[in-house]
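Enquirer: Have a peek at input_38.pdb (PDB, C-alpha atoms).
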```pdb
ATOM      1  CA  MET X 619      78.299  65.144 108.233
ATOM      2  CA  GLN X 620      78.498  68.897 107.590
ATOM      3  CA  THR X 621      77.896  70.206 104.115
ATOM      4  CA  GLU X 622      80.212  72.586 102.231
ATOM      5  CA  HIS X 623      77.705  75.381 102.860
ATOM      6  CA  GLU X 624      77.930  74.832 106.642
ATOM      7  CA  HIS X 625      81.712  75.052 106.514
ATOM      8  CA  LYS X 626      81.638  78.417 104.730
ATOM      9  CA  PRO X 627      82.250  81.290 107.189
ATOM     10  CA  SER X 628      79.623  84.011 107.495
ATOM     11  CA  LEU X 629      80.445  87.432 106.082
ATOM     12  CA  LEU X 630      79.612  88.995 109.466
ATOM     13  CA  ASP X 631      81.792  86.672 111.538
ATOM     14  CA  GLY X 632      84.284  88.777 113.496
ATOM     15  CA  TRP X 633      82.743  92.088 112.384
ATOM     16  CA  ASN X 634      83.922  93.733 115.637
ATOM     17  CA  SER X 635      87.465  92.350 115.631
ATOM     18  CA  PRO X 636      90.287  94.897 116.211
ATOM     19  CA  PRO X 637      91.565  94.702 112.585
ATOM     20  CA  ASN X 638      88.072  95.460 111.285
ATOM     21  CA  ILE X 639      87.725  98.376 113.715
ATOM     22  CA  VAL X 640      90.942  99.794 112.250
ATOM     23  CA  THR X 641      89.366  99.468 108.799
ATOM     24  CA  TYR X 642      86.227 101.310 109.944
ATOM     25  CA  THR X 643      88.445 104.030 111.417
ATOM     26  CA  ARG X 644      90.182 104.407 108.064
ATOM     27  CA  ILE X 645      86.837 105.028 106.386
ATOM     28  CA  VAL X 646      86.076 107.799 108.904
ATOM     29  CA  LEU X 647      89.522 109.304 108.284
ATOM     30  CA  VAL X 648      88.770 109.351 104.556
ATOM     31  CA  LEU X 649      85.680 111.491 105.138
ATOM     32  CA  VAL X 650      87.605 113.941 107.334
ATOM     33  CA  PHE X 651      90.461 114.028 104.822
ATOM     34  CA  LEU X 652      88.119 114.846 101.946
ATOM     35  CA  GLY X 653      86.630 117.820 103.752
ATOM     36  CA  ILE X 654      90.069 119.238 104.536
ATOM     37  CA  ASP X 655      91.446 118.553 101.044
ATOM     38  CA  ILE X 656      88.533 120.317  99.356
ATOM     39  CA  ALA X 657      88.792 123.272 101.752
ATOM     40  CA  ALA X 658      92.529 123.610 100.972
ATOM     41  CA  GLY X 659      91.809 124.229  97.282
ATOM     42  CA  PRO X 660      93.905 123.300  94.208
ATOM     43  CA  TRP X 661      97.530 122.713  95.218
ATOM     44  CA  GLY X 662      96.630 124.212  98.598
ATOM     45  CA  SER X 663      95.984 127.636  97.056
ATOM     46  CA  HIS X 664      93.248 128.468  99.577
ATOM     47  CA  ASN X 665      95.168 127.331 102.628
ATOM     48  CA  THR X 666      98.598 125.679 102.583
ATOM     49  CA  GLY X 667      98.231 124.531 106.178
ATOM     50  CA  LEU X 668      95.062 122.627 105.326
ATOM     51  CA  ARG X 669      96.839 121.051 102.353
ATOM     52  CA  TRP X 670      99.552 119.799 104.692
ATOM     53  CA  ALA X 671      96.876 118.475 107.045
ATOM     54  CA  ALA X 672      95.152 116.699 104.151
ATOM     55  CA  ALA X 673      98.442 115.127 103.055
ATOM     56  CA  ILE X 674      99.205 113.918 106.583
ATOM     57  CA  LEU X 675      95.701 112.468 107.021
ATOM     58  CA  PHE X 676      95.989 110.699 103.672
ATOM     59  CA  ILE X 677      99.313 109.144 104.674
ATOM     60  CA  ILE X 678      97.904 108.046 108.044
ATOM     61  CA  ALA X 679      94.798 106.559 106.434
ATOM     62  CA  ALA X 680      96.858 104.760 103.794
ATOM     63  CA  SER X 681      99.262 103.435 106.432
ATOM     64  CA  THR X 682      96.465 101.829 108.456
ATOM     65  CA  ASP X 683      95.953  99.458 105.532
ATOM     66  CA  LYS X 684      99.165  97.707 106.562
ATOM     67  CA  LEU X 685      98.218  97.906 110.241
ATOM     68  CA  ASP X 686      94.902  96.066 110.004
ATOM     69  CA  GLY X 687      96.406  93.469 107.674
ATOM     70  CA  TRP X 688      99.300  92.877 110.068
ATOM     71  CA  MET X 689      96.941  92.599 113.034
ATOM     72  CA  ALA X 690      94.659  90.174 111.229
ATOM     73  CA  ARG X 691      97.518  87.859 110.245
ATOM     74  CA  THR X 692      99.451  88.117 113.515
ATOM     75  CA  TYR X 693      96.495  87.436 115.802
ATOM     76  CA  ASN X 694      94.714  85.044 113.442
ATOM     77  CA  GLN X 695      91.736  87.377 113.017
ATOM     78  CA  VAL X 696      91.390  87.272 109.237
ATOM     79  CA  THR X 697      87.671  87.505 108.433
ATOM     80  CA  GLU X 698      85.588  87.454 105.280
ATOM     81  CA  LEU X 699      84.232  90.903 106.145
ATOM     82  CA  GLY X 700      87.744  92.228 106.661
ATOM     83  CA  LYS X 701      88.933  90.886 103.316
ATOM     84  CA  LEU X 702      85.940  92.575 101.692
ATOM     85  CA  MET X 703      85.951  95.903 103.552
ATOM     86  CA  ASP X 704      89.720  96.450 103.457
ATOM     87  CA  PRO X 705      89.947  96.928  99.659
ATOM     88  CA  ILE X 706      86.726  98.954  99.670
ATOM     89  CA  ALA X 707      88.244 101.329 102.238
ATOM     90  CA  ASP X 708      91.366 101.579 100.088
ATOM     91  CA  LYS X 709      89.341 102.348  96.974
ATOM     92  CA  LEU X 710      87.257 104.939  98.826
ATOM     93  CA  LEU X 711      90.467 106.693  99.863
ATOM     94  CA  THR X 712      92.290 106.581  96.530
ATOM     95  CA  CYS X 713      89.321 107.106  94.203
ATOM     96  CA  SER X 714      87.942 110.058  96.154
ATOM     97  CA  THR X 715      91.437 111.596  96.195
ATOM     98  CA  LEU X 716      91.707 111.177  92.430
ATOM     99  CA  ILE X 717      88.280 112.717  91.823
ATOM    100  CA  VAL X 718      89.131 115.813  93.885
ATOM    101  CA  ALA X 719      92.575 116.047  92.253
ATOM    102  CA  SER X 720      91.028 115.938  88.769
ATOM    103  CA  ALA X 721      88.392 118.498  89.744
ATOM    104  CA  PHE X 722      91.278 120.726  90.881
ATOM    105  CA  GLY X 723      93.196 120.138  87.638
ATOM    106  CA  GLU X 724      96.000 118.231  89.366
ATOM    107  CA  VAL X 725      95.419 114.886  87.599
ATOM    108  CA  PHE X 726      94.068 114.301  84.085
ATOM    109  CA  TRP X 727      90.433 113.205  84.104
ATOM    110  CA  TRP X 728      91.130 110.274  81.771
ATOM    111  CA  VAL X 729      93.503 108.835  84.379
ATOM    112  CA  THR X 730      90.885 109.104  87.109
ATOM    113  CA  ILE X 731      88.148 107.693  84.864
ATOM    114  CA  LEU X 732      90.225 104.606  84.016
ATOM    115  CA  PHE X 733      90.904 104.039  87.706
ATOM    116  CA  LEU X 734      87.193 104.411  88.499
ATOM    117  CA  ILE X 735      86.033 102.074  85.726
ATOM    118  CA  ARG X 736      88.375  99.350  86.923
ATOM    119  CA  GLU X 737      87.702  99.778  90.646
ATOM    120  CA  ILE X 738      83.920 100.054  90.379
ATOM    121  CA  GLY X 739      83.730  97.213  87.871
ATOM    122  CA  ILE X 740      85.823  94.859  89.976
ATOM    123  CA  THR X 741      83.950  95.766  93.157
ATOM    124  CA  VAL X 742      80.590  95.020  91.507
ATOM    125  CA  MET X 743      81.945  91.734  90.166
ATOM    126  CA  ARG X 744      83.299  90.843  93.610
ATOM    127  CA  PHE X 745      79.866  91.272  95.185
ATOM    128  CA  PHE X 746      78.332  89.210  92.384
ATOM    129  CA  VAL X 747      80.759  86.343  92.960
ATOM    130  CA  ILE X 748      80.154  86.431  96.720
ATOM    131  CA  ASP X 749      76.383  86.528  96.167
ATOM    132  CA  THR X 750      76.576  83.444  93.971
ATOM    133  CA  GLY X 751      78.507  81.433  96.537
ATOM    134  CA  GLY X 752      82.067  82.571  96.022
ATOM    135  CA  LYS X 753      84.598  83.131  98.773
ATOM    136  CA  VAL X 754      86.672  86.275  99.280
ATOM    137  CA  ILE X 755      90.430  85.615  99.170
ATOM    138  CA  ALA X 756      93.483  87.843  99.601
ATOM    139  CA  ALA X 757      94.768  90.298  97.015
ATOM    140  CA  ASP X 758      97.387  89.180  94.501
ATOM    141  CA  LYS X 759     100.802  90.836  94.220
ATOM    142  CA  ALA X 760      99.866  93.042  91.266
ATOM    143  CA  GLY X 761      96.965  94.504  93.219
ATOM    144  CA  LYS X 762      99.153  95.132  96.259
ATOM    145  CA  TYR X 763     101.873  96.824  94.197
ATOM    146  CA  LYS X 764      99.174  98.936  92.547
ATOM    147  CA  THR X 765      97.934 100.137  95.917
ATOM    148  CA  LEU X 766     101.481 100.871  97.082
ATOM    149  CA  CYS X 767     102.393 102.940  94.003
ATOM    150  CA  GLN X 768      99.047 104.693  94.037
ATOM    151  CA  CYS X 769      99.259 105.685  97.695
ATOM    152  CA  ILE X 770     102.862 106.908  97.417
ATOM    153  CA  GLY X 771     102.087 108.848  94.237
ATOM    154  CA  LEU X 772      98.938 110.461  95.616
ATOM    155  CA  GLY X 773     100.662 111.192  98.912
ATOM    156  CA  MET X 774     103.431 113.018  97.043
ATOM    157  CA  LEU X 775     100.809 114.857  94.995
ATOM    158  CA  LEU X 776      99.036 116.075  98.125
ATOM    159  CA  VAL X 777     102.209 117.315  99.810
ATOM    160  CA  PRO X 778     102.691 121.012  98.919
ATOM    161  CA  ALA X 779     106.272 120.429  97.794
ATOM    162  CA  TYR X 780     106.645 124.025  96.656
ATOM    163  CA  THR X 781     106.823 125.057 100.311
ATOM    164  CA  PHE X 782     110.185 123.355 100.831
ATOM    165  CA  ILE X 783     111.556 122.754  97.300
ATOM    166  CA  THR X 784     112.509 126.170  95.954
ATOM    167  CA  ASN X 785     114.684 124.993  93.066
ATOM    168  CA  GLY X 786     112.667 124.787  89.841
ATOM    169  CA  THR X 787     114.554 121.789  88.473
ATOM    170  CA  ALA X 788     114.221 119.850  91.718
ATOM    171  CA  LEU X 789     110.489 120.629  91.819
ATOM    172  CA  ASN X 790     110.119 119.350  88.252
ATOM    173  CA  VAL X 791     111.901 116.118  89.208
ATOM    174  CA  TYR X 792     109.573 115.731  92.200
ATOM    175  CA  THR X 793     106.551 116.256  89.945
ATOM    176  CA  PHE X 794     107.875 113.760  87.387
ATOM    177  CA  ILE X 795     108.329 111.064  90.041
ATOM    178  CA  THR X 796     104.855 111.765  91.397
ATOM    179  CA  ASN X 797     103.212 111.405  87.981
ATOM    180  CA  PHE X 798     105.345 108.360  87.126
ATOM    181  CA  LEU X 799     104.141 106.518  90.231
ATOM    182  CA  ILE X 800     100.514 107.356  89.449
ATOM    183  CA  TYR X 801     100.888 106.046  85.878
ATOM    184  CA  VAL X 802     102.609 102.875  87.104
ATOM    185  CA  ALA X 803      99.714 102.416  89.519
ATOM    186  CA  LEU X 804      97.260 102.858  86.637
ATOM    187  CA  PHE X 805      99.029 100.185  84.595
ATOM    188  CA  LEU X 806      99.034  97.761  87.540
ATOM    189  CA  CYS X 807      95.397  98.658  88.229
ATOM    190  CA  LEU X 808      94.319  97.650  84.724
ATOM    191  CA  TYR X 809      96.609  94.609  84.683
ATOM    192  CA  SER X 810      95.395  93.242  88.029
ATOM    193  CA  GLY X 811      91.808  93.960  86.982
ATOM    194  CA  ALA X 812      92.263  91.888  83.838
ATOM    195  CA  LEU X 813      93.728  89.056  85.919
ATOM    196  CA  TYR X 814      90.746  89.213  88.245
ATOM    197  CA  VAL X 815      88.247  88.958  85.390
ATOM    198  CA  TYR X 816      90.184  86.036  83.925
ATOM    199  CA  ARG X 817      90.193  84.162  87.236
ATOM    200  CA  VAL X 818      86.495  84.784  87.832
ATOM    201  CA  VAL X 819      85.591  83.524  84.355
ATOM    202  CA  LYS X 820      87.806  80.483  84.898
ATOM    203  CA  ALA X 821      86.303  79.840  88.339
ATOM    204  CA  ARG X 822      82.755  79.982  86.927
ATOM    205  CA  ARG X 823      83.604  76.922  84.865
ATOM    206  CA  THR X 824      84.372  74.919  88.016
ATOM    207  CA  PRO X 825      82.333  74.180  91.169
ATOM    208  CA  ALA X 826      84.694  76.255  93.333
ATOM    209  CA  GLN X 827      84.034  79.948  92.893
ATOM    210  CA  THR X 828      86.339  82.564  94.340
ATOM    211  CA  ALA X 829      86.447  86.331  94.638
ATOM    212  CA  GLU X 830      89.728  88.104  95.108
ATOM    213  CA  GLN X 831      90.581  91.423  96.647
TER     214      GLN X 831
END
```
Represent the supplied structure as structure tokens.
Expert:
Amino acid sequence: MQTEHEHKPSLLDGWNSPPNIVTYTRIVLVLVFLGIDIAAGPWGSHNTGLRWAAAILFIIAASTDKLDGWMARTYNQVTELGKLMDPIADKLLTCSTLIVASAFGEVFWWVTILFLIREIGITVMRFFVIDTGGKVIAADKAGKYKTLCQCIGLGMLLVPAYTFITNGTALNVYTFITNFLIYVALFLCLYSGALYVYRVVKARRTPAQTAEQ
């Protein structure tokens, strides 16, 4: 009779599956995006064309999050590594974008710091739970909505809207919506993080330990 340990899938099972390759590609895109975004300067002041390129790369990289998830579910290729690497790739994309944006004066540092505290803290806790026998499971709805709002808000921030919105009032409305989405994402980020901590603490009191995305 097999033990519970023998039934637990290995973290490296399916490491080369197509959905995971898409995730690895997203990580590479993040590195390319960062170089272009930094070269473009604040609000694209150094090169508007590069700012557009950075915005497009960000949108492509963010969109592949849905692609690898769809592939994994459709072709039954959901893996423990994929469930771990997918949110890490997302956090690498969004957190690095926030850091550059704050360095450029486009986003308040306190907003970025709160995002970083939550994301780094939860990631460390996730590894701890896995190391102590926990199992990675899918993200909850709050976490998914957070990622959606965050990616849309940061995508809008990266787009040099001033190149096609010449009306001052319309540009202010665009900026308001952009900031609103980022703040909604921050609220959902902290809320989903609190839920995660609660579930981990609750799971530690039972034999079944879990780690969520």
Enquirer: Taking the file above as input, evaluate the PyMOL selection byres ((chain X and resi 785-802) around 9) and report the hits as a ChimeraX atom specification.
Expert: /X:725,729,764,767-775,779-780,783-784,803-807
Enquirer: Find, counting all atoms listed in the file, the residue in X:Gly811, X:Gly687, X:Gly739, X:Gly723 that gets nearest to Ala760 (chain X).
Expert: X:Gly811
Enquirer: Given all atoms listed in the file as the basis, pick out the residue of X:Ser681, X:Thr741, X:Asn638, X:Thr781 nearest to Gly700 (chain X).
Expert: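 When distances to Gly700 (chain X) are compared using all atoms listed in the file, the smallest one comes from X:Asn638.
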Enquirer: So what does the PyMOL selection byres ((chain X and resi 660-675) around 9) actually pick up in this one, as number ranges by chain?
Expert: X: 647-648, 650-659, 676-680, 718-719, 721-724, 772-778, 781
Enquirer: Tell me which of X:Val696, X:Leu766, X:Phe782, X:Met703 sits closest to Tyr642 (chain X), counting only C-alpha atoms.
Expert: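 Nearest to Tyr642 (chain X): X:Met703.
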Enquirer: Using all atoms listed in the file, find the one residue out of X:Thr643, X:Tyr763, X:Trp727, X:Phe746 that sits nearest to Asp704 (chain X).
Expert: X:Thr643
Enquirer: By how many Å are CA of Asp686 (chain X) and CA of Leu649 (chain X) apart?
Expert: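 Result for CA of Asp686 (chain X) versus CA of Leu649 (chain X): 18.6 Å, one decimal.
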Enquirer: Give me the residues near Ile639 (chain X) as a tab-separated table (two decimals) with C-alpha atoms, in the frame of the given file, where near means some atom within 12 Å (using all atoms listed in the file) and where sequence neighbours in that chain fewer than 2 positions away do not count.
Expert:
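around13.tsv, freshly written:
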```tsv
chain	number	residue	atom	x	y	z
X	632	GLY	CA	84.28	88.78	113.50
X	633	TRP	CA	82.74	92.09	112.38
X	634	ASN	CA	83.92	93.73	115.64
X	635	SER	CA	87.46	92.35	115.63
X	636	PRO	CA	90.29	94.90	116.21
X	637	PRO	CA	91.56	94.70	112.58
X	641	THR	CA	89.37	99.47	108.80
X	642	TYR	CA	86.23	101.31	109.94
X	643	THR	CA	88.44	104.03	111.42
X	644	ARG	CA	90.18	104.41	108.06
X	645	ILE	CA	86.84	105.03	106.39
X	646	VAL	CA	86.08	107.80	108.90
X	682	THR	CA	96.46	101.83	108.46
X	683	ASP	CA	95.95	99.46	105.53
X	685	LEU	CA	98.22	97.91	110.24
X	686	ASP	CA	94.90	96.07	110.00
X	687	GLY	CA	96.41	93.47	107.67
X	689	MET	CA	96.94	92.60	113.03
X	690	ALA	CA	94.66	90.17	111.23
X	695	GLN	CA	91.74	87.38	113.02
X	699	LEU	CA	84.23	90.90	106.14
X	700	GLY	CA	87.74	92.23	106.66
X	703	MET	CA	85.95	95.90	103.55
X	704	ASP	CA	89.72	96.45	103.46
X	707	ALA	CA	88.24	101.33	102.24
```
Enquirer: Could you tell me how far CA of Ile740 (chain X) sits from CA of Ile706 (chain X), in Å to one decimal place?
Expert: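 Rounded to one decimal, the two atoms are 10.6 Å apart.
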Enquirer: Mind pulling up the distance from CA of Tyr693 (chain X) to CA of Val640 (chain X)?
Expert: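 Here the two named atoms are 14.0 Å from each other.
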Enquirer: Restricting the calculation to only C-alpha atoms: of X:Arg817, X:Glu737, X:Arg744, X:Ile731, which residue gets closest to Lys701 (chain X)?
Expert: X:Arg744
Enquirer: Which residue, X:Ile738, X:Ile717, X:Thr712, X:Tyr809, has the smallest gap to Thr765 (chain X) when you use only C-alpha atoms?
Expert: X:Thr712
